[in-house]
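Asker: Take this structure, written in structure tokens, and hold onto it; I'll ask about it next.
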Amino acid sequence: MTQMNMIQALNSAMDVMMAKDASVVTMGEDVGYFGGVFRVTDGLQRKYGQHRVLDSPIAEGGIVATAIGMSVNGLRPVAEIQFADYIYPAYDQIVSELARIRYRTGGEFNAPVTIRTPCGGGIRGGQTHSQSPEALFAHVCGIKVVMPSNPYDAKGLLISSIEDDDPVVFFEPKRLYNGPFDGDPHKPAVAWSSHPKGDVPDGHYRVPIGTAEIVRPGKQVTVITYGTMVHVCIAAAESLGLDAEVIDIRTIVPLDEETIVRSVKKTGRCVVAHEATRFAGFGAEILATIQEECFWHLEAPIQRVAGWDTPYPHAFEWEYFPGQARVAAALKATMEAK
Amino acid sequence: MSAIRTRLHVPQAPARPGEKPDFSYLQLSPAGAMKRPDPNAPLAETEYLANGLVRVLGDDHRAVGQWDPHLAPSDLELGLRHMMMTRVYDDRMHRAQRQGRTTFYIKSTGEEAVSVAAGMALRPTDMLFPGYRNQGLQIVRGRKLVDLMCQLLSNSRDMCKGRQLPVMYHSKEARLFSISGNLATQFPQAVGWAMAAAIKNEDDIAATWLGDGSTAEADFHYALLFAQVYRAPVILNVVNNQWAISTFQAFAGGESKSFAARGPGYGIPGIRVDGNDFLAVYAVTQWAAERARTGAGPTLIEHVTYRAAPHSTSDDPSRYRPKDEPEAWPLGDPIERLKSHLIALGGWSEEREATLAKQCEEQVTAAWREAMTYGTLTDGPQLDPDTMFDDIFKDLTPHLAKQRRQLAAERAKAEKKDK
């Protein structure tokens, strides 16, 4: 075990996989010589060479398209899109190509591409460096969508993603890169070394895709969330002194419905939280599932916490961000409902 | 037409229905006029190729000039056979759509050399990323007609398991990538495939095709950029057949510069070739393949040809271009031209041609009869609809398993009602 922040854990996952499997290559803007703007690929080019760790042109559509071609020729490319906000030029290649190559060829071809991309706000990134577009990918058939909330899961899930024979869009909440963040920007930053999930095995291990984790067991109310909001929700529940069960879904597609349903049936109360915009956000899918599966167990209407349906405003970042106050209000509303 | 005049330039098709066909815009070079540079020559020594027109077959049906690939008569006959088979197959499948047997078809009539000559000039292990009008590649690669037909029929033996529109074939074994209905996406994918071949130090190269209209997509530009940046062993083919459905190629930017001329802008040699000249297409593909295999990088080839058929079974060209435009095309018909060349060489005759045509007809008819026994879209049998949930992912996910059960229940109920 080593103390790692999320960047180091992701770097370690890449290192482990590149050492283990010569077909793993990575490409993206600034990933090679420089090691990535967030340093996730730091040192990899020196270790594995320029032919496996490629600096690429600023052309996200080209990065994903060539990664698809490489994967059809037996490689396992990990394409980095520098910010999730930049992924849209590649959307056609992801939605119409990557997601459907296995399907449209009756299983004859497949494209095991992993697309890594930092997402989320809280870093003063403004509306083009803060988005959480996971719902746009969850709605596509044939793409797995993953978003870890801590170093341990980040490494284990990235290894699982690279080894997976299906394409994966792997979102990295960048506000969590250097430490768990509970939503309060005025508190001093906390490092991952203070968090149990900052203990990361050095070698190869997997966190399975498609399994949620109950990060805080409880009986009174279920909080279903992922990414940065995992830490915000725990803090909000604890500040209210609630015995909340907090579930980090970790994988958006495929969704671990079983863990969600079991918990909501137990508590009868539920809050769903994500940083992404609310309208048609992934929370809506979770809500619909709970309504279908747990309706007769519910004691109160399900509450939803999300970013507002506006672009992420640079000056009003913390008014936009669904912080502890917004989560606490939702928790109170669900607890007070008769 | 509105009389309002502005400074906005709107390209015009050379002729619309009722007007006289006009191909005076085409820059032509005489057969044999273009020099053949060394495949590893620096870019500056190849730039003239983007503006001229490489032609080998002259009006006297003789092969002339440095680009003559000096093919053996047996190869020429094979090329003719593949092109004729492609045409017969196209005609029969187009008819099948008109008879309501299939939903959709796309012919490649007039463009057979573009696929067949290129396919023959490449190695069987080279990976091809075709567009939707490259059925000649499927024929060259020895795909069984009956397998192709089963795809068109979406029947019980459809390689795509009933999921793809007709003509979207693929074959891992024959190294033919899956055809996409989204235009141009295959272009940068082919570049990625070629980059991987280079990373792995393998000898195989990739080749890909798209139409003049599709060059407007960003994917075309990604492909040229990545191909040149990494010197990917890939051949990028633009099939300029003048028309993108009803839209003249000038709307894709072909008015002021040739499509081949896009190449040098990226540092890639661009060759403009007579796409209806089997020998010329073969020769430039060979040249590009040598460049790719020796590490010199990509080549952009513009095949100047003409779409003699409708875009697909869904459009009527007489609504947007002169009815007699195909006959006016100055570069003739690729099959007629190769046939005349073979006759000029002395080893071929109208009788042998007729025999070959008959053989192709018989093969296509026999294959069609067999394919129909495996089902049609309208009358079945098809695969179990249950299979629609397969291959979304490698393994069935819980939510898909649930939906599969739901469909099964729906069908069971419907069946009960029918009884």
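Residue numbering restarts at 1 for every chain of the structure tokens, chains are lettered A, B, ... in their displayed order, and ligands are numbered from 1 as they appear.
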Show me, as number ranges by chain, the residues that have an atom within 6 Å of stretch 232-236 of chain B when counting only C-alpha atoms, minus same-chain residues fewer than 3 positions from it.
Answerer: B: 194-195, 205-208, 227, 292, 297-300
Asker: Emit the selected residues as a short mmCIF file (atom, residue, chain, number, x, y, z; two decimals), in the first residue's frame, including N, CA and C atoms.
Answerer:
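Ended up saving to selection-v8.cif:
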data_model
loop_
_atom_site.label_atom_id
_atom_site.label_comp_id
_atom_site.auth_asym_id
_atom_site.auth_seq_id
_atom_site.Cartn_x
_atom_site.Cartn_y
_atom_site.Cartn_z
N ALA B 194 -3.88 2.11 -39.25
CA ALA B 194 -2.55 2.16 -39.85
C ALA B 194 -1.50 2.58 -38.82
N MET B 195 -1.86 3.50 -37.95
CA MET B 195 -0.93 3.90 -36.88
C MET B 195 -0.58 2.70 -36.01
N ILE B 205 -0.96 -2.38 -44.51
CA ILE B 205 -1.37 -0.98 -44.58
C ILE B 205 -2.90 -0.92 -44.59
N ALA B 206 -3.42 0.27 -44.43
CA ALA B 206 -4.87 0.46 -44.47
C ALA B 206 -5.23 1.31 -45.69
N ALA B 207 -6.44 1.11 -46.17
CA ALA B 207 -6.95 1.96 -47.24
C ALA B 207 -8.41 2.27 -46.93
N THR B 208 -8.83 3.47 -47.31
CA THR B 208 -10.20 3.87 -47.01
C THR B 208 -10.75 4.74 -48.14
N ALA B 227 -2.88 11.37 -40.30
CA ALA B 227 -2.12 10.51 -41.21
C ALA B 227 -0.75 11.12 -41.48
N ALA B 292 3.41 3.77 -48.53
CA ALA B 292 2.96 3.42 -47.19
C ALA B 292 3.83 2.31 -46.60
N GLY B 297 4.69 7.22 -45.67
CA GLY B 297 3.46 7.84 -45.17
C GLY B 297 2.28 7.73 -46.10
N PRO B 298 1.28 8.57 -45.84
CA PRO B 298 -0.01 8.45 -46.53
C PRO B 298 -0.01 9.06 -47.93
N THR B 299 -1.01 8.71 -48.69
CA THR B 299 -1.27 9.32 -50.00
C THR B 299 -2.76 9.60 -50.10
N LEU B 300 -3.09 10.74 -50.68
CA LEU B 300 -4.49 11.07 -50.95
C LEU B 300 -4.74 10.89 -52.44
#
Asker: Could you give me, as a ChimeraX atom specification, the residues within 9 Å of B:Asp277, counting only C-alpha atoms and dropping anything in the same chain fewer than 3 positions from it?
Answerer: /B:55-57,113-114,117,273-274,280-282,331-335,337-338
Asker: Residues of chain A no more than 8 Å from chain B, counting only C-alpha atoms: send them over as a PDB file with N, CA and C atoms, in the first residue's frame.
Answerer:
ATOM      1  N   HIS A  51       6.128   5.830 -28.844  1.00  0.00           N
ATOM      2  CA  HIS A  51       5.211   5.098 -29.708  1.00  0.00           C
ATOM      3  C   HIS A  51       4.013   4.553 -28.949  1.00  0.00           C
ATOM      4  N   ARG A  52       4.115   4.547 -27.642  1.00  0.00           N
ATOM      5  CA  ARG A  52       2.978   4.064 -26.840  1.00  0.00           C
ATOM      6  C   ARG A  52       2.338   5.179 -26.036  1.00  0.00           C
ATOM      7  N   PRO A  57      -2.570  15.847 -31.952  1.00  0.00           N
ATOM      8  CA  PRO A  57      -3.102  17.155 -32.356  1.00  0.00           C
ATOM      9  C   PRO A  57      -4.320  17.523 -31.509  1.00  0.00           C
ATOM     10  N   ALA A  59      -7.513  17.758 -31.604  1.00  0.00           N
ATOM     11  CA  ALA A  59      -8.610  17.337 -32.471  1.00  0.00           C
ATOM     12  C   ALA A  59      -9.258  16.120 -31.807  1.00  0.00           C
ATOM     13  N   GLY A  61     -12.107  14.713 -32.087  1.00  0.00           N
ATOM     14  CA  GLY A  61     -12.731  13.751 -33.005  1.00  0.00           C
ATOM     15  C   GLY A  61     -11.680  12.839 -33.622  1.00  0.00           C
ATOM     16  N   GLY A  62     -10.544  13.400 -33.934  1.00  0.00           N
ATOM     17  CA  GLY A  62      -9.455  12.606 -34.502  1.00  0.00           C
ATOM     18  C   GLY A  62      -8.842  11.668 -33.483  1.00  0.00           C
ATOM     19  N   ALA A  65     -11.380   8.822 -33.061  1.00  0.00           N
ATOM     20  CA  ALA A  65     -11.477   8.023 -34.290  1.00  0.00           C
ATOM     21  C   ALA A  65     -10.237   7.159 -34.489  1.00  0.00           C
ATOM     22  N   THR A  66      -9.069   7.740 -34.279  1.00  0.00           N
ATOM     23  CA  THR A  66      -7.855   6.941 -34.476  1.00  0.00           C
ATOM     24  C   THR A  66      -7.729   5.886 -33.376  1.00  0.00           C
ATOM     25  N   ALA A  67      -8.200   6.219 -32.172  1.00  0.00           N
ATOM     26  CA  ALA A  67      -8.193   5.208 -31.103  1.00  0.00           C
ATOM     27  C   ALA A  67      -9.080   4.024 -31.496  1.00  0.00           C
ATOM     28  N   ILE A  68     -10.212   4.313 -32.129  1.00  0.00           N
ATOM     29  CA  ILE A  68     -11.089   3.233 -32.591  1.00  0.00           C
ATOM     30  C   ILE A  68     -10.330   2.356 -33.600  1.00  0.00           C
ATOM     31  N   GLY A  69      -9.697   3.004 -34.558  1.00  0.00           N
ATOM     32  CA  GLY A  69      -8.944   2.248 -35.564  1.00  0.00           C
ATOM     33  C   GLY A  69      -7.847   1.411 -34.935  1.00  0.00           C
ATOM     34  N   MET A  70      -7.158   1.980 -33.959  1.00  0.00           N
ATOM     35  CA  MET A  70      -6.100   1.231 -33.265  1.00  0.00           C
ATOM     36  C   MET A  70      -6.677   0.014 -32.555  1.00  0.00           C
ATOM     37  N   SER A  71      -7.831   0.215 -31.934  1.00  0.00           N
ATOM     38  CA  SER A  71      -8.421  -0.896 -31.167  1.00  0.00           C
ATOM     39  C   SER A  71      -8.868  -2.013 -32.105  1.00  0.00           C
ATOM     40  N   VAL A  72      -9.303  -1.647 -33.296  1.00  0.00           N
ATOM     41  CA  VAL A  72      -9.696  -2.668 -34.277  1.00  0.00           C
ATOM     42  C   VAL A  72      -8.458  -3.435 -34.750  1.00  0.00           C
ATOM     43  N   ASN A  73      -7.310  -2.810 -34.640  1.00  0.00           N
ATOM     44  CA  ASN A  73      -6.055  -3.459 -35.014  1.00  0.00           C
ATOM     45  C   ASN A  73      -5.322  -4.029 -33.794  1.00  0.00           C
ATOM     46  N   GLY A  74      -6.065  -4.373 -32.769  1.00  0.00           N
ATOM     47  CA  GLY A  74      -5.484  -5.164 -31.675  1.00  0.00           C
ATOM     48  C   GLY A  74      -4.879  -4.402 -30.525  1.00  0.00           C
ATOM     49  N   LEU A  75      -4.908  -3.075 -30.566  1.00  0.00           N
ATOM     50  CA  LEU A  75      -4.381  -2.323 -29.425  1.00  0.00           C
ATOM     51  C   LEU A  75      -5.508  -2.028 -28.430  1.00  0.00           C
ATOM     52  N   GLN A  93     -18.138  10.161 -33.231  1.00  0.00           N
ATOM     53  CA  GLN A  93     -17.304   8.948 -33.231  1.00  0.00           C
ATOM     54  C   GLN A  93     -17.625   8.065 -32.028  1.00  0.00           C
ATOM     55  N   SER A  96     -21.972   7.115 -32.589  1.00  0.00           N
ATOM     56  CA  SER A  96     -22.363   6.379 -33.786  1.00  0.00           C
ATOM     57  C   SER A  96     -21.375   5.283 -34.161  1.00  0.00           C
ATOM     58  N   GLU A  97     -20.162   5.367 -33.649  1.00  0.00           N
ATOM     59  CA  GLU A  97     -19.134   4.403 -34.045  1.00  0.00           C
ATOM     60  C   GLU A  97     -18.722   3.521 -32.861  1.00  0.00           C
ATOM     61  N   ALA A  99     -19.618   3.110 -29.837  1.00  0.00           N
ATOM     62  CA  ALA A  99     -20.648   2.420 -29.059  1.00  0.00           C
ATOM     63  C   ALA A  99     -21.272   1.262 -29.830  1.00  0.00           C
ATOM     64  N   ARG A 100     -21.194   1.295 -31.159  1.00  0.00           N
ATOM     65  CA  ARG A 100     -21.996   0.347 -31.935  1.00  0.00           C
ATOM     66  C   ARG A 100     -21.188  -0.618 -32.789  1.00  0.00           C
ATOM     67  N   ILE A 101     -19.899  -0.567 -32.709  1.00  0.00           N
ATOM     68  CA  ILE A 101     -19.107  -1.422 -33.601  1.00  0.00           C
ATOM     69  C   ILE A 101     -19.370  -2.894 -33.303  1.00  0.00           C
ATOM     70  N   ARG A 102     -19.434  -3.251 -32.039  1.00  0.00           N
ATOM     71  CA  ARG A 102     -19.742  -4.641 -31.711  1.00  0.00           C
ATOM     72  C   ARG A 102     -21.149  -5.009 -32.204  1.00  0.00           C
ATOM     73  N   TYR A 103     -22.070  -4.112 -31.967  1.00  0.00           N
ATOM     74  CA  TYR A 103     -23.471  -4.397 -32.300  1.00  0.00           C
ATOM     75  C   TYR A 103     -23.674  -4.521 -33.799  1.00  0.00           C
ATOM     76  N   ARG A 104     -23.187  -3.523 -34.530  1.00  0.00           N
ATOM     77  CA  ARG A 104     -23.509  -3.494 -35.958  1.00  0.00           C
ATOM     78  C   ARG A 104     -22.783  -4.577 -36.736  1.00  0.00           C
ATOM     79  N   THR A 105     -21.734  -5.168 -36.141  1.00  0.00           N
ATOM     80  CA  THR A 105     -21.034  -6.252 -36.830  1.00  0.00           C
ATOM     81  C   THR A 105     -21.404  -7.613 -36.244  1.00  0.00           C
ATOM     82  N   GLY A 106     -22.502  -7.656 -35.537  1.00  0.00           N
ATOM     83  CA  GLY A 106     -22.952  -8.925 -34.975  1.00  0.00           C
ATOM     84  C   GLY A 106     -21.914  -9.563 -34.059  1.00  0.00           C
ATOM     85  N   GLY A 107     -21.089  -8.728 -33.434  1.00  0.00           N
ATOM     86  CA  GLY A 107     -20.094  -9.239 -32.494  1.00  0.00           C
ATOM     87  C   GLY A 107     -18.773  -9.614 -33.149  1.00  0.00           C
ATOM     88  N   GLU A 108     -18.646  -9.377 -34.459  1.00  0.00           N
ATOM     89  CA  GLU A 108     -17.402  -9.779 -35.139  1.00  0.00           C
ATOM     90  C   GLU A 108     -16.241  -8.843 -34.799  1.00  0.00           C
ATOM     91  N   PHE A 109     -16.507  -7.544 -34.784  1.00  0.00           N
ATOM     92  CA  PHE A 109     -15.485  -6.573 -34.400  1.00  0.00           C
ATOM     93  C   PHE A 109     -15.838  -6.009 -33.024  1.00  0.00           C
ATOM     94  N   CYS A 141     -26.505   3.643 -26.179  1.00  0.00           N
ATOM     95  CA  CYS A 141     -26.424   2.192 -25.991  1.00  0.00           C
ATOM     96  C   CYS A 141     -25.054   1.699 -26.430  1.00  0.00           C
ATOM     97  N   GLY A 142     -24.368   1.007 -25.529  1.00  0.00           N
ATOM     98  CA  GLY A 142     -23.107   0.378 -25.918  1.00  0.00           C
ATOM     99  C   GLY A 142     -21.861   1.015 -25.344  1.00  0.00           C
ATOM    100  N   ILE A 143     -22.045   1.998 -24.464  1.00  0.00           N
ATOM    101  CA  ILE A 143     -20.894   2.637 -23.812  1.00  0.00           C
ATOM    102  C   ILE A 143     -21.014   2.418 -22.314  1.00  0.00           C
ATOM    103  N   ASP A 165     -13.515  -5.445 -22.627  1.00  0.00           N
ATOM    104  CA  ASP A 165     -13.585  -5.558 -24.091  1.00  0.00           C
ATOM    105  C   ASP A 165     -14.613  -4.609 -24.699  1.00  0.00           C
ATOM    106  N   ASP A 166     -15.316  -3.865 -23.868  1.00  0.00           N
ATOM    107  CA  ASP A 166     -16.263  -2.865 -24.353  1.00  0.00           C
ATOM    108  C   ASP A 166     -15.677  -1.469 -24.131  1.00  0.00           C
ATOM    109  N   PRO A 254     -22.887  -0.036 -16.636  1.00  0.00           N
ATOM    110  CA  PRO A 254     -24.199  -0.457 -16.165  1.00  0.00           C
ATOM    111  C   PRO A 254     -24.421  -0.052 -14.710  1.00  0.00           C
TER     112      PRO A 254
END
Asker: Which value, in Å to one decimal, gives the distance between atom CA of B:Tyr374 and atom CA of B:Asn134?
Answerer: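 The value is 24.8 Å.
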Asker: Which residues come within 9 Å of A:Met147, counting only C-alpha atoms, excluding same-chain residues fewer than 4 positions away, as a list in words?
Answerer: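 Close residues of A:Met147: Glu134, Ala154, Leu157, Val169, Phe170, Phe171, Glu172, Pro173, Tyr226, Gly227, Ile249, Arg250, Thr251 and Ile252 of chain A.
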Asker: Considering only C-alpha atoms, can you say which of A:Ser130, A:Ser12, A:Thr114, A:Ser193 comes closest to A:Tyr312?
Answerer: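 With only C-alpha atoms as the atom set, the closest residue is A:Ser130.
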Asker: Which of stretch 43-207 of chain B counts as alpha helix (DSSP H) under DSSP, as a VMD selection string please?
Answerer: chain B and resid 73 to 98 112 to 121 135 to 140 145 to 153 186 to 199
Asker: Set the distance at 7 Å and use only C-alpha atoms: which residues neighbour stretch 330-332 of chain A once local chain neighbours fewer than 6 positions away are removed? I'd like the list as a compact mmCIF listing (two decimals) with N, CA and C atoms, in the first residue's frame.
Answerer:
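And here's selection-v1.txt as it stands now:
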# COMPACT_ATOMS: atom_id res chain seq x y z
N VAL A 271 -32.56 10.50 -1.31
CA VAL A 271 -32.10 11.72 -1.98
C VAL A 271 -31.11 11.30 -3.06
N GLN A 303 -36.12 13.12 -3.27
CA GLN A 303 -35.58 14.46 -3.49
C GLN A 303 -34.40 14.40 -4.45
N VAL A 305 -31.00 16.52 -5.94
CA VAL A 305 -30.06 17.64 -5.77
C VAL A 305 -29.13 17.64 -6.99
Asker: Need the shell around A:Ile247: protein/DNA/RNA residues with any atom at most 9 Å away, counting only C-alpha atoms. Skip same-chain ones fewer than 2 positions apart. Format as a PyMOL selection string?
Answerer: chain A and resi 212-217+222-226+230+245+249-250+259-260+263
Asker: If we count only C-alpha atoms, what is near B:Lys35 at a cut-off of 10 Å, once residues fewer than 4 positions away on the same chain are taken out, given as a compact mmCIF listing (two decimals) with N, CA and C atoms, in the first residue's frame?
Answerer:
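Written out: out-v2.txt:
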# COMPACT_ATOMS: atom_id res chain seq x y z
N THR B 46 5.99 15.91 -56.24
CA THR B 46 4.75 15.18 -56.56
C THR B 46 3.55 16.11 -56.70
N TYR B 48 2.46 18.29 -58.74
CA TYR B 48 1.74 18.41 -60.01
C TYR B 48 0.67 17.32 -60.16
N LEU B 49 0.84 16.22 -59.42
CA LEU B 49 -0.11 15.10 -59.54
C LEU B 49 -1.49 15.46 -59.01
N VAL B 54 -4.00 11.48 -63.88
CA VAL B 54 -3.25 10.30 -64.30
C VAL B 54 -4.17 9.40 -65.12
N GLY B 65 2.44 5.40 -71.30
CA GLY B 65 3.06 6.27 -70.32
C GLY B 65 3.68 5.53 -69.14
N GLN B 66 4.29 6.34 -68.28
CA GLN B 66 5.05 5.78 -67.15
C GLN B 66 4.17 5.10 -66.11
N TRP B 67 2.89 5.42 -66.11
CA TRP B 67 2.02 4.84 -65.09
C TRP B 67 1.47 3.46 -65.49
Asker: DSSP says strand (DSSP E or B) for which residues of stretch 91-259 of chain A? Put them as a PDB file with C-alpha atoms, in the first residue's frame?
Answerer:
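Contents of the output file selection22.pdb:
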ATOM      1  CA  THR A 114     -11.107   3.728 -22.823  1.00  0.00           C
ATOM      2  CA  ILE A 115     -11.698   7.467 -22.925  1.00  0.00           C
ATOM      3  CA  ARG A 116     -10.386   9.214 -19.823  1.00  0.00           C
ATOM      4  CA  THR A 117     -11.617  12.714 -19.201  1.00  0.00           C
ATOM      5  CA  PRO A 118     -11.575  15.113 -16.235  1.00  0.00           C
ATOM      6  CA  CYS A 119     -14.992  16.506 -15.367  1.00  0.00           C
ATOM      7  CA  LYS A 144     -19.951   1.940 -20.232  1.00  0.00           C
ATOM      8  CA  VAL A 145     -19.740   5.065 -18.107  1.00  0.00           C
ATOM      9  CA  VAL A 146     -17.632   5.211 -14.978  1.00  0.00           C
ATOM     10  CA  VAL A 168     -15.660   2.921 -21.508  1.00  0.00           C
ATOM     11  CA  VAL A 169     -15.965   6.650 -20.929  1.00  0.00           C
ATOM     12  CA  PHE A 170     -14.096   7.231 -17.688  1.00  0.00           C
ATOM     13  CA  PHE A 171     -14.884  10.508 -15.935  1.00  0.00           C
ATOM     14  CA  GLU A 172     -12.427  11.874 -13.394  1.00  0.00           C
ATOM     15  CA  PRO A 173     -13.906  14.517 -11.055  1.00  0.00           C
ATOM     16  CA  ASP A 199      -4.336   3.879   0.588  1.00  0.00           C
ATOM     17  CA  VAL A 200      -3.755   2.279  -2.766  1.00  0.00           C
ATOM     18  CA  GLU A 213     -20.482   0.806  -2.957  1.00  0.00           C
ATOM     19  CA  ILE A 214     -22.236   1.697   0.272  1.00  0.00           C
ATOM     20  CA  VAL A 215     -19.685   4.220   1.518  1.00  0.00           C
ATOM     21  CA  ARG A 216     -21.604   5.012   4.689  1.00  0.00           C
ATOM     22  CA  VAL A 221     -32.409   7.711   4.515  1.00  0.00           C
ATOM     23  CA  THR A 222     -30.585   6.584   1.384  1.00  0.00           C
ATOM     24  CA  VAL A 223     -28.411   9.058  -0.490  1.00  0.00           C
ATOM     25  CA  ILE A 224     -27.501   7.961  -3.995  1.00  0.00           C
ATOM     26  CA  THR A 225     -24.682   9.847  -5.610  1.00  0.00           C
ATOM     27  CA  ALA A 244     -27.905   8.232   6.290  1.00  0.00           C
ATOM     28  CA  GLU A 245     -26.856   5.388   4.012  1.00  0.00           C
ATOM     29  CA  VAL A 246     -24.688   6.911   1.285  1.00  0.00           C
ATOM     30  CA  ILE A 247     -24.263   4.930  -1.911  1.00  0.00           C
ATOM     31  CA  ASP A 248     -21.499   5.777  -4.378  1.00  0.00           C
ATOM     32  CA  THR A 251     -20.543   3.113 -12.477  1.00  0.00           C
ATOM     33  CA  ILE A 252     -23.331   4.951 -14.279  1.00  0.00           C
ATOM     34  CA  VAL A 253     -23.608   2.320 -17.011  1.00  0.00           C
TER      35      VAL A 253
END
Asker: So that I can check the surroundings of A:Gly156, please list as a ChimeraX atom specification every protein, DNA and RNA residue that reaches within 10 Å of it, counting only C-alpha atoms and ignoring chain neighbours fewer than 3 positions away.
Answerer: /A:9-10,12-13,148,151-153,159-161,200-201,204-209
Asker: Which of these residues is nearest to B:Arg321, using only C-alpha atoms: B:Asn276, B:Phe248, B:Leu122, B:Arg98?
Answerer: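 Among the listed residues, B:Phe248 lies closest to B:Arg321.
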Asker: Just how far from atom CA of B:Ser154 is atom CA of B:Ala412, in Å to one decimal?
Answerer: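 Going from atom CA of B:Ala412 over to atom CA of B:Ser154 covers 23.0 Å.
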